[in-house]
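Q: Here you go, target.pdb (PDB, C-alpha atoms, pLDDT in the B column):
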```
ATOM      1  CA  MET A 181      29.949  47.682 -48.179  1.00 78.00           C
ATOM      2  CA  TRP A 182      27.248  45.156 -49.121  1.00 88.00           C
ATOM      3  CA  ALA A 183      29.584  43.503 -51.623  1.00 91.00           C
ATOM      4  CA  TRP A 184      32.243  43.237 -48.881  1.00 90.00           C
ATOM      5  CA  LEU A 185      29.740  41.723 -46.429  1.00 93.00           C
ATOM      6  CA  PHE A 186      28.308  39.266 -48.956  1.00 95.00           C
ATOM      7  CA  GLN A 187      31.838  38.202 -49.944  1.00 95.00           C
ATOM      8  CA  ARG A 188      32.376  37.162 -46.274  1.00 95.00           C
ATOM      9  CA  ILE A 189      28.960  35.519 -45.932  1.00 96.00           C
ATOM     10  CA  THR A 190      29.409  33.523 -49.158  1.00 97.00           C
ATOM     11  CA  ALA A 191      32.971  32.634 -48.062  1.00 97.00           C
ATOM     12  CA  ILE A 192      31.656  30.965 -44.898  1.00 96.00           C
ATOM     13  CA  LEU A 193      28.832  29.230 -46.832  1.00 97.00           C
ATOM     14  CA  LEU A 194      31.409  27.982 -49.356  1.00 97.00           C
ATOM     15  CA  ILE A 195      33.716  26.516 -46.708  1.00 97.00           C
ATOM     16  CA  VAL A 196      30.854  24.588 -45.075  1.00 97.00           C
ATOM     17  CA  CYS A 197      29.089  23.485 -48.288  1.00 97.00           C
ATOM     18  CA  LEU A 198      32.317  22.750 -50.181  1.00 97.00           C
ATOM     19  CA  ALA A 199      33.569  20.548 -47.325  1.00 97.00           C
ATOM     20  CA  ILE A 200      30.304  18.567 -47.502  1.00 95.00           C
ATOM     21  CA  HIS A 201      30.337  18.465 -51.324  1.00 95.00           C
ATOM     22  CA  LEU A 202      33.972  17.306 -51.571  1.00 95.00           C
ATOM     23  CA  THR A 203      33.584  14.706 -48.816  1.00 93.00           C
ATOM     24  CA  PHE A 204      30.426  13.065 -50.177  1.00 91.00           C
ATOM     25  CA  THR A 205      31.100  13.521 -53.896  1.00 90.00           C
ATOM     26  CA  HIS A 206      34.822  12.806 -54.007  1.00 91.00           C
ATOM     27  CA  LEU A 207      36.410  11.394 -50.829  1.00 92.00           C
ATOM     28  CA  LEU A 208      33.660   8.780 -50.379  1.00 92.00           C
ATOM     29  CA  ASN A 209      32.842   8.106 -54.054  1.00 90.00           C
ATOM     30  CA  ILE A 210      36.064   8.477 -56.041  1.00 91.00           C
ATOM     31  CA  GLY A 211      35.985   6.322 -59.168  1.00 89.00           C
ATOM     32  CA  ASP A 212      32.277   5.565 -58.832  1.00 89.00           C
ATOM     33  CA  LEU A 213      30.810   8.840 -60.103  1.00 91.00           C
ATOM     34  CA  GLY A 214      28.004   8.437 -62.598  1.00 90.00           C
ATOM     35  CA  TYR A 215      24.358   9.244 -63.229  1.00 90.00           C
ATOM     36  CA  ASP A 216      22.906   6.596 -60.858  1.00 90.00           C
ATOM     37  CA  ASN A 217      25.559   7.223 -58.194  1.00 89.00           C
ATOM     38  CA  VAL A 218      24.722  10.944 -58.127  1.00 90.00           C
ATOM     39  CA  ALA A 219      20.993  10.121 -58.131  1.00 90.00           C
ATOM     40  CA  ASP A 220      21.363   7.868 -55.045  1.00 87.00           C
ATOM     41  CA  ARG A 221      23.218  10.595 -53.163  1.00 86.00           C
ATOM     42  CA  LEU A 222      20.972  13.492 -54.169  1.00 87.00           C
ATOM     43  CA  ALA A 223      17.877  11.443 -53.270  1.00 85.00           C
ATOM     44  CA  HIS A 224      18.647  12.543 -49.694  1.00 80.00           C
ATOM     45  CA  GLY A 225      17.565  16.071 -50.632  1.00 85.00           C
ATOM     46  CA  GLY A 226      19.891  17.692 -48.123  1.00 89.00           C
ATOM     47  CA  LEU A 227      22.830  17.202 -50.472  1.00 91.00           C
ATOM     48  CA  THR A 228      20.825  18.752 -53.342  1.00 93.00           C
ATOM     49  CA  ALA A 229      20.243  21.794 -51.113  1.00 94.00           C
ATOM     50  CA  VAL A 230      23.983  21.939 -50.339  1.00 95.00           C
ATOM     51  CA  ASP A 231      24.801  21.805 -54.070  1.00 95.00           C
ATOM     52  CA  ILE A 232      22.355  24.606 -54.910  1.00 96.00           C
ATOM     53  CA  ILE A 233      23.682  26.832 -52.093  1.00 97.00           C
ATOM     54  CA  LEU A 234      27.216  26.009 -53.288  1.00 97.00           C
ATOM     55  CA  LEU A 235      26.291  26.967 -56.849  1.00 97.00           C
ATOM     56  CA  ALA A 236      24.726  30.322 -55.900  1.00 97.00           C
ATOM     57  CA  ALA A 237      27.349  31.262 -53.275  1.00 98.00           C
ATOM     58  CA  GLY A 238      30.199  30.095 -55.519  1.00 98.00           C
ATOM     59  CA  ILE A 239      29.046  32.121 -58.525  1.00 98.00           C
ATOM     60  CA  TYR A 240      28.517  35.253 -56.399  1.00 98.00           C
ATOM     61  CA  HIS A 241      31.877  34.878 -54.635  1.00 98.00           C
ATOM     62  CA  ALA A 242      33.753  34.138 -57.886  1.00 98.00           C
ATOM     63  CA  LEU A 243      32.293  36.992 -59.923  1.00 97.00           C
ATOM     64  CA  ASN A 244      32.456  39.516 -57.079  1.00 96.00           C
ATOM     65  CA  GLY A 245      36.079  38.437 -56.544  1.00 96.00           C
ATOM     66  CA  LEU A 246      36.756  38.998 -60.247  1.00 95.00           C
ATOM     67  CA  ARG A 247      35.106  42.432 -59.939  1.00 93.00           C
ATOM     68  CA  MET A 248      37.395  43.266 -56.994  1.00 91.00           C
ATOM     69  CA  VAL A 249      40.477  42.314 -59.046  1.00 91.00           C
ATOM     70  CA  LEU A 250      39.233  44.417 -61.998  1.00 90.00           C
ATOM     71  CA  MET A 251      38.664  47.390 -59.659  1.00 86.00           C
ATOM     72  CA  ASP A 252      42.381  47.358 -58.822  1.00 84.00           C
ATOM     73  CA  TYR A 253      43.494  47.613 -62.441  1.00 83.00           C
ATOM     74  CA  TRP A 254      40.806  48.749 -64.829  1.00 77.00           C
ATOM     75  CA  LEU A 255      37.555  49.803 -63.141  1.00 72.00           C
ATOM     76  CA  THR A 256      38.609  53.414 -62.779  1.00 73.00           C
ATOM     77  CA  SER A 257      35.312  55.139 -63.546  1.00 83.00           C
ATOM     78  CA  ARG A 258      31.772  54.761 -62.208  1.00 84.00           C
ATOM     79  CA  THR A 259      30.472  54.084 -65.727  1.00 88.00           C
ATOM     80  CA  ARG A 260      32.890  51.189 -66.218  1.00 86.00           C
ATOM     81  CA  ALA A 261      32.143  49.863 -62.732  1.00 87.00           C
ATOM     82  CA  LEU A 262      28.393  49.904 -63.369  1.00 90.00           C
ATOM     83  CA  ALA A 263      28.767  48.297 -66.811  1.00 91.00           C
ATOM     84  CA  VAL A 264      30.970  45.501 -65.439  1.00 91.00           C
ATOM     85  CA  THR A 265      28.634  44.925 -62.478  1.00 93.00           C
ATOM     86  CA  ILE A 266      25.644  44.547 -64.829  1.00 95.00           C
ATOM     87  CA  VAL A 267      27.529  42.219 -67.201  1.00 95.00           C
ATOM     88  CA  LEU A 268      28.720  40.058 -64.280  1.00 96.00           C
ATOM     89  CA  TRP A 269      25.168  39.776 -62.864  1.00 97.00           C
ATOM     90  CA  VAL A 270      23.864  38.646 -66.264  1.00 98.00           C
ATOM     91  CA  VAL A 271      26.715  36.113 -66.627  1.00 98.00           C
ATOM     92  CA  GLY A 272      26.194  34.923 -63.040  1.00 98.00           C
ATOM     93  CA  ILE A 273      22.462  34.387 -63.431  1.00 98.00           C
ATOM     94  CA  ALA A 274      23.052  32.521 -66.717  1.00 98.00           C
ATOM     95  CA  PHE A 275      25.536  30.179 -64.982  1.00 98.00           C
ATOM     96  CA  LEU A 276      23.149  29.705 -62.035  1.00 97.00           C
ATOM     97  CA  VAL A 277      20.295  28.730 -64.360  1.00 97.00           C
ATOM     98  CA  TYR A 278      22.543  26.372 -66.388  1.00 97.00           C
ATOM     99  CA  GLY A 279      23.886  24.801 -63.179  1.00 96.00           C
ATOM    100  CA  ILE A 280      20.410  24.224 -61.731  1.00 95.00           C
ATOM    101  CA  TRP A 281      19.333  22.808 -65.111  1.00 94.00           C
ATOM    102  CA  GLY A 282      22.265  20.368 -64.762  1.00 93.00           C
ATOM    103  CA  LEU A 283      20.948  19.244 -61.365  1.00 92.00           C
ATOM    104  CA  TRP A 284      17.321  19.155 -62.525  1.00 90.00           C
ATOM    105  CA  PRO A 285      17.054  15.419 -63.427  1.00 87.00           C
ATOM    106  CA  TRP A 286      17.757  14.543 -59.757  1.00 88.00           C
ATOM    107  CA  ILE A 287      15.569  17.162 -58.089  1.00 86.00           C
ATOM    108  CA  GLY A 288      12.663  15.137 -56.717  1.00 63.00           C
ATOM    109  CA  TYR A 289      14.188  11.990 -58.286  1.00 54.00           C
TER     110      TYR A 289
ATOM    111  CA  MET B1059      68.208  62.223 -62.706  1.00 46.00           C
ATOM    112  CA  SER B1060      69.934  58.952 -63.382  1.00 50.00           C
ATOM    113  CA  LYS B1061      69.089  57.362 -60.045  1.00 50.00           C
ATOM    114  CA  LYS B1062      65.774  59.002 -59.144  1.00 49.00           C
ATOM    115  CA  PRO B1063      63.386  57.091 -61.486  1.00 50.00           C
ATOM    116  CA  ARG B1064      64.759  53.729 -60.359  1.00 48.00           C
ATOM    117  CA  GLU B1065      64.241  54.616 -56.718  1.00 48.00           C
ATOM    118  CA  THR B1066      60.673  55.677 -57.449  1.00 49.00           C
ATOM    119  CA  ALA B1067      60.004  52.445 -59.316  1.00 49.00           C
ATOM    120  CA  ASN B1068      61.326  50.450 -56.401  1.00 51.00           C
ATOM    121  CA  VAL B1069      59.066  52.035 -53.787  1.00 52.00           C
ATOM    122  CA  GLY B1070      57.323  49.234 -51.947  1.00 58.00           C
ATOM    123  CA  ALA B1071      59.725  46.571 -53.217  1.00 60.00           C
ATOM    124  CA  GLY B1072      60.790  45.832 -49.642  1.00 63.00           C
ATOM    125  CA  LEU B1073      57.208  44.882 -48.817  1.00 65.00           C
ATOM    126  CA  TRP B1074      57.754  41.640 -50.758  1.00 70.00           C
ATOM    127  CA  LYS B1075      59.828  40.473 -47.832  1.00 69.00           C
ATOM    128  CA  ALA B1076      56.615  40.456 -45.754  1.00 75.00           C
ATOM    129  CA  THR B1077      54.572  37.257 -45.537  1.00 78.00           C
ATOM    130  CA  GLY B1078      51.363  39.214 -46.095  1.00 80.00           C
ATOM    131  CA  MET B1079      52.288  40.329 -49.622  1.00 86.00           C
ATOM    132  CA  TRP B1080      52.972  36.757 -50.767  1.00 89.00           C
ATOM    133  CA  ALA B1081      49.782  35.638 -49.006  1.00 91.00           C
ATOM    134  CA  TRP B1082      47.893  38.333 -50.939  1.00 92.00           C
ATOM    135  CA  LEU B1083      49.488  37.455 -54.314  1.00 93.00           C
ATOM    136  CA  LEU B1084      48.831  33.713 -53.936  1.00 95.00           C
ATOM    137  CA  PHE B1085      45.273  34.484 -52.769  1.00 95.00           C
ATOM    138  CA  ARG B1086      44.651  36.496 -55.922  1.00 95.00           C
ATOM    139  CA  ILE B1087      46.222  33.906 -58.252  1.00 96.00           C
ATOM    140  CA  SER B1088      44.352  30.994 -56.631  1.00 97.00           C
ATOM    141  CA  GLY B1089      41.131  33.043 -56.717  1.00 97.00           C
ATOM    142  CA  LEU B1090      41.449  33.679 -60.461  1.00 96.00           C
ATOM    143  CA  ILE B1091      42.208  29.984 -61.096  1.00 97.00           C
ATOM    144  CA  LEU B1092      39.093  29.049 -59.090  1.00 97.00           C
ATOM    145  CA  VAL B1093      36.853  31.506 -60.996  1.00 97.00           C
ATOM    146  CA  PHE B1094      37.812  29.846 -64.284  1.00 97.00           C
ATOM    147  CA  TYR B1095      37.561  26.376 -62.745  1.00 97.00           C
ATOM    148  CA  LEU B1096      34.033  27.074 -61.449  1.00 97.00           C
ATOM    149  CA  GLY B1097      32.937  28.205 -64.921  1.00 97.00           C
ATOM    150  CA  ALA B1098      34.442  25.073 -66.516  1.00 96.00           C
ATOM    151  CA  HIS B1099      32.919  22.845 -63.790  1.00 96.00           C
ATOM    152  CA  ILE B1100      29.395  24.169 -64.379  1.00 96.00           C
ATOM    153  CA  ILE B1101      29.697  24.097 -68.183  1.00 96.00           C
ATOM    154  CA  ILE B1102      31.194  20.587 -68.408  1.00 95.00           C
ATOM    155  CA  ILE B1103      28.923  18.907 -65.853  1.00 93.00           C
ATOM    156  CA  SER B1104      25.655  20.545 -66.951  1.00 93.00           C
ATOM    157  CA  THR B1105      26.499  19.834 -70.599  1.00 92.00           C
ATOM    158  CA  GLY B1106      26.629  16.140 -69.579  1.00 91.00           C
ATOM    159  CA  GLN B1107      22.843  16.297 -69.186  1.00 89.00           C
ATOM    160  CA  PHE B1108      22.340  16.526 -72.959  1.00 89.00           C
ATOM    161  CA  GLY B1109      21.356  13.145 -74.342  1.00 80.00           C
ATOM    162  CA  THR B1110      19.024  10.644 -72.738  1.00 77.00           C
ATOM    163  CA  GLY B1111      19.136   8.200 -69.832  1.00 75.00           C
ATOM    164  CA  GLY B1112      22.294   9.621 -68.278  1.00 80.00           C
ATOM    165  CA  GLY B1113      24.632   7.971 -70.836  1.00 85.00           C
ATOM    166  CA  THR B1114      26.301  11.248 -71.781  1.00 92.00           C
ATOM    167  CA  PHE B1115      26.656  12.140 -68.094  1.00 92.00           C
ATOM    168  CA  ASP B1116      28.378   8.794 -67.377  1.00 93.00           C
ATOM    169  CA  ASN B1117      30.821   9.436 -70.238  1.00 92.00           C
ATOM    170  CA  VAL B1118      31.622  12.879 -68.815  1.00 93.00           C
ATOM    171  CA  MET B1119      32.234  11.342 -65.355  1.00 93.00           C
ATOM    172  CA  ASP B1120      34.523   8.654 -66.849  1.00 91.00           C
ATOM    173  CA  PHE B1121      36.492  11.432 -68.534  1.00 91.00           C
ATOM    174  CA  LEU B1122      36.703  13.357 -65.224  1.00 92.00           C
ATOM    175  CA  GLU B1123      37.962  10.273 -63.350  1.00 91.00           C
ATOM    176  CA  HIS B1124      40.710   9.504 -65.860  1.00 92.00           C
ATOM    177  CA  PRO B1125      44.104   9.414 -64.046  1.00 92.00           C
ATOM    178  CA  VAL B1126      45.226  12.649 -65.742  1.00 94.00           C
ATOM    179  CA  ALA B1127      42.083  14.420 -64.490  1.00 95.00           C
ATOM    180  CA  ILE B1128      42.691  13.061 -60.968  1.00 95.00           C
ATOM    181  CA  VAL B1129      46.230  14.466 -60.962  1.00 94.00           C
ATOM    182  CA  LEU B1130      44.862  17.852 -62.110  1.00 95.00           C
ATOM    183  CA  ASP B1131      42.298  17.603 -59.285  1.00 95.00           C
ATOM    184  CA  ILE B1132      45.179  17.331 -56.802  1.00 95.00           C
ATOM    185  CA  ALA B1133      46.514  20.669 -58.083  1.00 96.00           C
ATOM    186  CA  LEU B1134      43.003  22.101 -57.826  1.00 97.00           C
ATOM    187  CA  VAL B1135      42.775  20.928 -54.202  1.00 97.00           C
ATOM    188  CA  VAL B1136      45.920  22.956 -53.404  1.00 97.00           C
ATOM    189  CA  ALA B1137      44.332  26.100 -54.885  1.00 97.00           C
ATOM    190  CA  VAL B1138      41.020  25.476 -53.055  1.00 98.00           C
ATOM    191  CA  LEU B1139      42.641  24.750 -49.676  1.00 98.00           C
ATOM    192  CA  TYR B1140      45.038  27.705 -49.854  1.00 98.00           C
ATOM    193  CA  HIS B1141      42.236  30.082 -50.880  1.00 98.00           C
ATOM    194  CA  ALA B1142      39.862  28.738 -48.199  1.00 97.00           C
ATOM    195  CA  LEU B1143      42.333  28.833 -45.300  1.00 97.00           C
ATOM    196  CA  ASN B1144      43.873  32.179 -46.247  1.00 96.00           C
ATOM    197  CA  GLY B1145      40.272  33.410 -46.525  1.00 96.00           C
ATOM    198  CA  VAL B1146      39.624  32.213 -42.967  1.00 96.00           C
ATOM    199  CA  ARG B1147      42.730  34.144 -41.888  1.00 94.00           C
ATOM    200  CA  ILE B1148      41.402  37.304 -43.592  1.00 94.00           C
ATOM    201  CA  ILE B1149      38.008  36.980 -41.866  1.00 94.00           C
ATOM    202  CA  LEU B1150      39.799  36.512 -38.513  1.00 94.00           C
ATOM    203  CA  MET B1151      41.800  39.679 -39.235  1.00 92.00           C
ATOM    204  CA  ASP B1152      38.537  41.527 -40.080  1.00 90.00           C
ATOM    205  CA  PHE B1153      37.301  40.670 -36.588  1.00 90.00           C
ATOM    206  CA  GLY B1154      40.648  41.577 -35.070  1.00 89.00           C
ATOM    207  CA  VAL B1155      41.334  38.002 -33.983  1.00 89.00           C
ATOM    208  CA  GLY B1156      45.072  37.291 -33.792  1.00 86.00           C
ATOM    209  CA  ILE B1157      45.942  40.631 -35.346  1.00 85.00           C
ATOM    210  CA  HIS B1158      49.046  40.904 -33.169  1.00 87.00           C
ATOM    211  CA  ARG B1159      50.078  37.362 -34.050  1.00 88.00           C
ATOM    212  CA  HIS B1160      49.274  37.431 -37.764  1.00 85.00           C
ATOM    213  CA  LYS B1161      52.286  35.344 -38.809  1.00 89.00           C
ATOM    214  CA  LEU B1162      51.331  32.616 -36.350  1.00 93.00           C
ATOM    215  CA  VAL B1163      47.744  32.725 -37.669  1.00 93.00           C
ATOM    216  CA  PHE B1164      49.005  32.487 -41.275  1.00 94.00           C
ATOM    217  CA  TRP B1165      51.280  29.521 -40.611  1.00 95.00           C
ATOM    218  CA  SER B1166      48.586  27.786 -38.536  1.00 96.00           C
ATOM    219  CA  ALA B1167      46.204  28.152 -41.493  1.00 96.00           C
ATOM    220  CA  MET B1168      48.922  26.709 -43.764  1.00 96.00           C
ATOM    221  CA  ALA B1169      49.277  23.742 -41.385  1.00 98.00           C
ATOM    222  CA  VAL B1170      45.558  23.058 -41.862  1.00 97.00           C
ATOM    223  CA  VAL B1171      46.111  23.273 -45.650  1.00 98.00           C
ATOM    224  CA  VAL B1172      48.830  20.607 -45.412  1.00 98.00           C
ATOM    225  CA  ILE B1173      46.730  18.291 -43.208  1.00 98.00           C
ATOM    226  CA  CYS B1174      43.700  18.524 -45.534  1.00 97.00           C
ATOM    227  CA  PHE B1175      45.937  18.103 -48.588  1.00 97.00           C
ATOM    228  CA  VAL B1176      47.382  14.873 -47.184  1.00 98.00           C
ATOM    229  CA  ILE B1177      43.844  13.474 -46.818  1.00 97.00           C
ATOM    230  CA  PHE B1178      42.893  14.358 -50.419  1.00 97.00           C
ATOM    231  CA  ALA B1179      46.225  13.135 -51.811  1.00 97.00           C
ATOM    232  CA  TYR B1180      45.897   9.841 -49.907  1.00 96.00           C
ATOM    233  CA  VAL B1181      42.432   9.221 -51.396  1.00 96.00           C
ATOM    234  CA  ALA B1182      43.529  10.206 -54.911  1.00 96.00           C
ATOM    235  CA  PHE B1183      46.747   8.170 -55.003  1.00 95.00           C
ATOM    236  CA  SER B1184      45.107   5.216 -53.306  1.00 94.00           C
ATOM    237  CA  TYR B1185      42.430   5.296 -56.033  1.00 94.00           C
ATOM    238  CA  LEU B1186      45.070   5.606 -58.776  1.00 94.00           C
ATOM    239  CA  ALA B1187      47.037   2.662 -57.356  1.00 93.00           C
ATOM    240  CA  ASN B1188      44.143   0.301 -56.565  1.00 91.00           C
ATOM    241  CA  ASP B1189      41.437   1.519 -58.984  1.00 88.00           C
ATOM    242  CA  VAL B1190      39.085   1.810 -56.012  1.00 89.00           C
ATOM    243  CA  GLY B1191      38.626   4.596 -53.490  1.00 89.00           C
ATOM    244  CA  PRO B1192      39.858   3.743 -49.966  1.00 90.00           C
ATOM    245  CA  TRP B1193      36.699   4.966 -48.243  1.00 90.00           C
ATOM    246  CA  ASN B1194      34.025   4.277 -50.879  1.00 89.00           C
ATOM    247  CA  GLY B1195      30.855   3.069 -49.182  1.00 79.00           C
ATOM    248  CA  ALA B1196      32.099   4.203 -45.764  1.00 79.00           C
ATOM    249  CA  LEU B1197      29.679   5.991 -43.400  1.00 72.00           C
ATOM    250  CA  GLY B1198      26.848   4.075 -45.068  1.00 64.00           C
ATOM    251  CA  VAL B1199      26.986   6.480 -48.002  1.00 57.00           C
ATOM    252  CA  VAL B1200      26.069   4.887 -51.314  1.00 54.00           C
ATOM    253  CA  SER B1201      28.893   4.232 -53.726  1.00 44.00           C
TER     254      SER B1201
END
```
For the structure just supplied, provide its representation as structure tokens.
A:
Amino acid sequence: MWAWLFQRITAILLIVCLAIHLTFTHLLNIGDLGYDNVADRLAHGGLTAVDIILLAAGIYHALNGLRMVLMDYWLTSRTRALAVTIVLWVVGIAFLVYGIWGLWPWIGY
Amino acid sequence: MSKKPRETANVGAGLWKATGMWAWLLFRISGLILVFYLGAHIIIISTGQFGTGGGTFDNVMDFLEHPVAIVLDIALVVAVLYHALNGVRIILMDFGVGIHRHKLVFWSAMAVVVICFVIFAYVAFSYLANDVGPWNGALGVVS
């Protein structure tokens, strides 16, 4: 129930934040991407917030989606379901930390 | 005996004539592609932060804006747009919006996919042809 609800909430966040991310990062800057170019854009702060929301919502949505696919084919017992859920949370948090570390040089640039 | 197992195995086969089953299959395939893409995106871009002064990051960005990478991005855009718009359709169905006109809702969502794709493809091919993005610096956004 909560996983279902959060999948919808993150879906809506992803559509909004991904539209902003793709427009500003790619449609308006194609060919110019680089360290200073990203720094200029993220200096606005709002776009850094969008990227962090995108990172967290994207990781949750992706890994919960993967969990839903696994439930159809392999997650046939509660033990397996719990084990996979724990593993996916650990993987997700690791990716979140690594992603924020990747944005770190520009946070408060 | 000879016919029975085949009939059993074919139960549900007729459902593949319904739009919804193809929508579901493509949703699942695009979703799995996007999970692996997201992982690669985070790993590749964050790894660009190793090294000093942003030099490594610039090299990673040059690699990602190589023409081959741009063409792959076009394919990625198809997966993203299909997954996003079919997702919108699913949320509408959850709320019961257009449930009696689900085919119309599906094809309307696909029309939005095509319109958005044309925009992305225009930018990508324009960049590939002219070595400069058509809208870079527009809206007062730094480029």
Q: May I ask which of the residues A:Val270, A:Ala229, A:Leu283, A:Leu255 is the closest one to chain B, counting only C-alpha atoms?
A: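 Smallest separation from chain B among the options: A:Leu283.
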Q: If the PyMOL selection byres ((chain A and resi 285) around 10) were run on this exact file, what residues would it hold? Put them as a list in words.
A: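 Output of the PyMOL selection byres ((chain A and resi 285) around 10): Tyr215, Ala219, Ile280, Trp281, Gly282, Leu283, Trp284, Trp286, Ile287, Gly288 and Tyr289 of chain A; Gln1107, Gly1111 and Gly1112 of chain B.
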Q: Any chance you can output those residues with C-alpha atoms as a short mmCIF file (atom, residue, chain, number, x, y, z; two decimals), in the frame of the given file?
A:
```
data_model
loop_
_atom_site.label_atom_id
_atom_site.label_comp_id
_atom_site.auth_asym_id
_atom_site.auth_seq_id
_atom_site.Cartn_x
_atom_site.Cartn_y
_atom_site.Cartn_z
CA TYR A 215 24.36 9.24 -63.23
CA ALA A 219 20.99 10.12 -58.13
CA ILE A 280 20.41 24.22 -61.73
CA TRP A 281 19.33 22.81 -65.11
CA GLY A 282 22.26 20.37 -64.76
CA LEU A 283 20.95 19.24 -61.36
CA TRP A 284 17.32 19.16 -62.52
CA TRP A 286 17.76 14.54 -59.76
CA ILE A 287 15.57 17.16 -58.09
CA GLY A 288 12.66 15.14 -56.72
CA TYR A 289 14.19 11.99 -58.29
CA GLN B 1107 22.84 16.30 -69.19
CA GLY B 1111 19.14 8.20 -69.83
CA GLY B 1112 22.29 9.62 -68.28
#
```
Q: Show me, as an NGL selection string, every residue of chain A with an atom at most 9 Å from chain B, counting only C-alpha atoms.
A: :A and (188 or 191-192 or 194-195 or 204 or 206-217 or 220-221 or 235 or 238-239 or 241-243 or 245-246 or 249 or 275-276 or 278-283 or 285)
Q: When you count all atoms listed in the file, which of these residues is closest to Ala1081 of chain B: B:Phe1183, B:Phe1121, B:Phe1175, B:Trp1165?
A: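 The answer is B:Trp1165, which sits nearest to Ala1081 of chain B.
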Q: What is the distance between atom CA of Leu198 of chain A and atom CA of Trp1080 of chain B, in Å to one decimal?
A: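 Result for atom CA of Leu198 of chain A versus atom CA of Trp1080 of chain B: 25.0 Å, one decimal.
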Q: Show which residues sit within 8 Å of Asn1144 of chain B, as an MDAnalysis selection string. Count only C-alpha atoms, and ignore same-chain residues fewer than 5 positions away.
A: chainID B and resid 1081 1085 1164 1167:1168
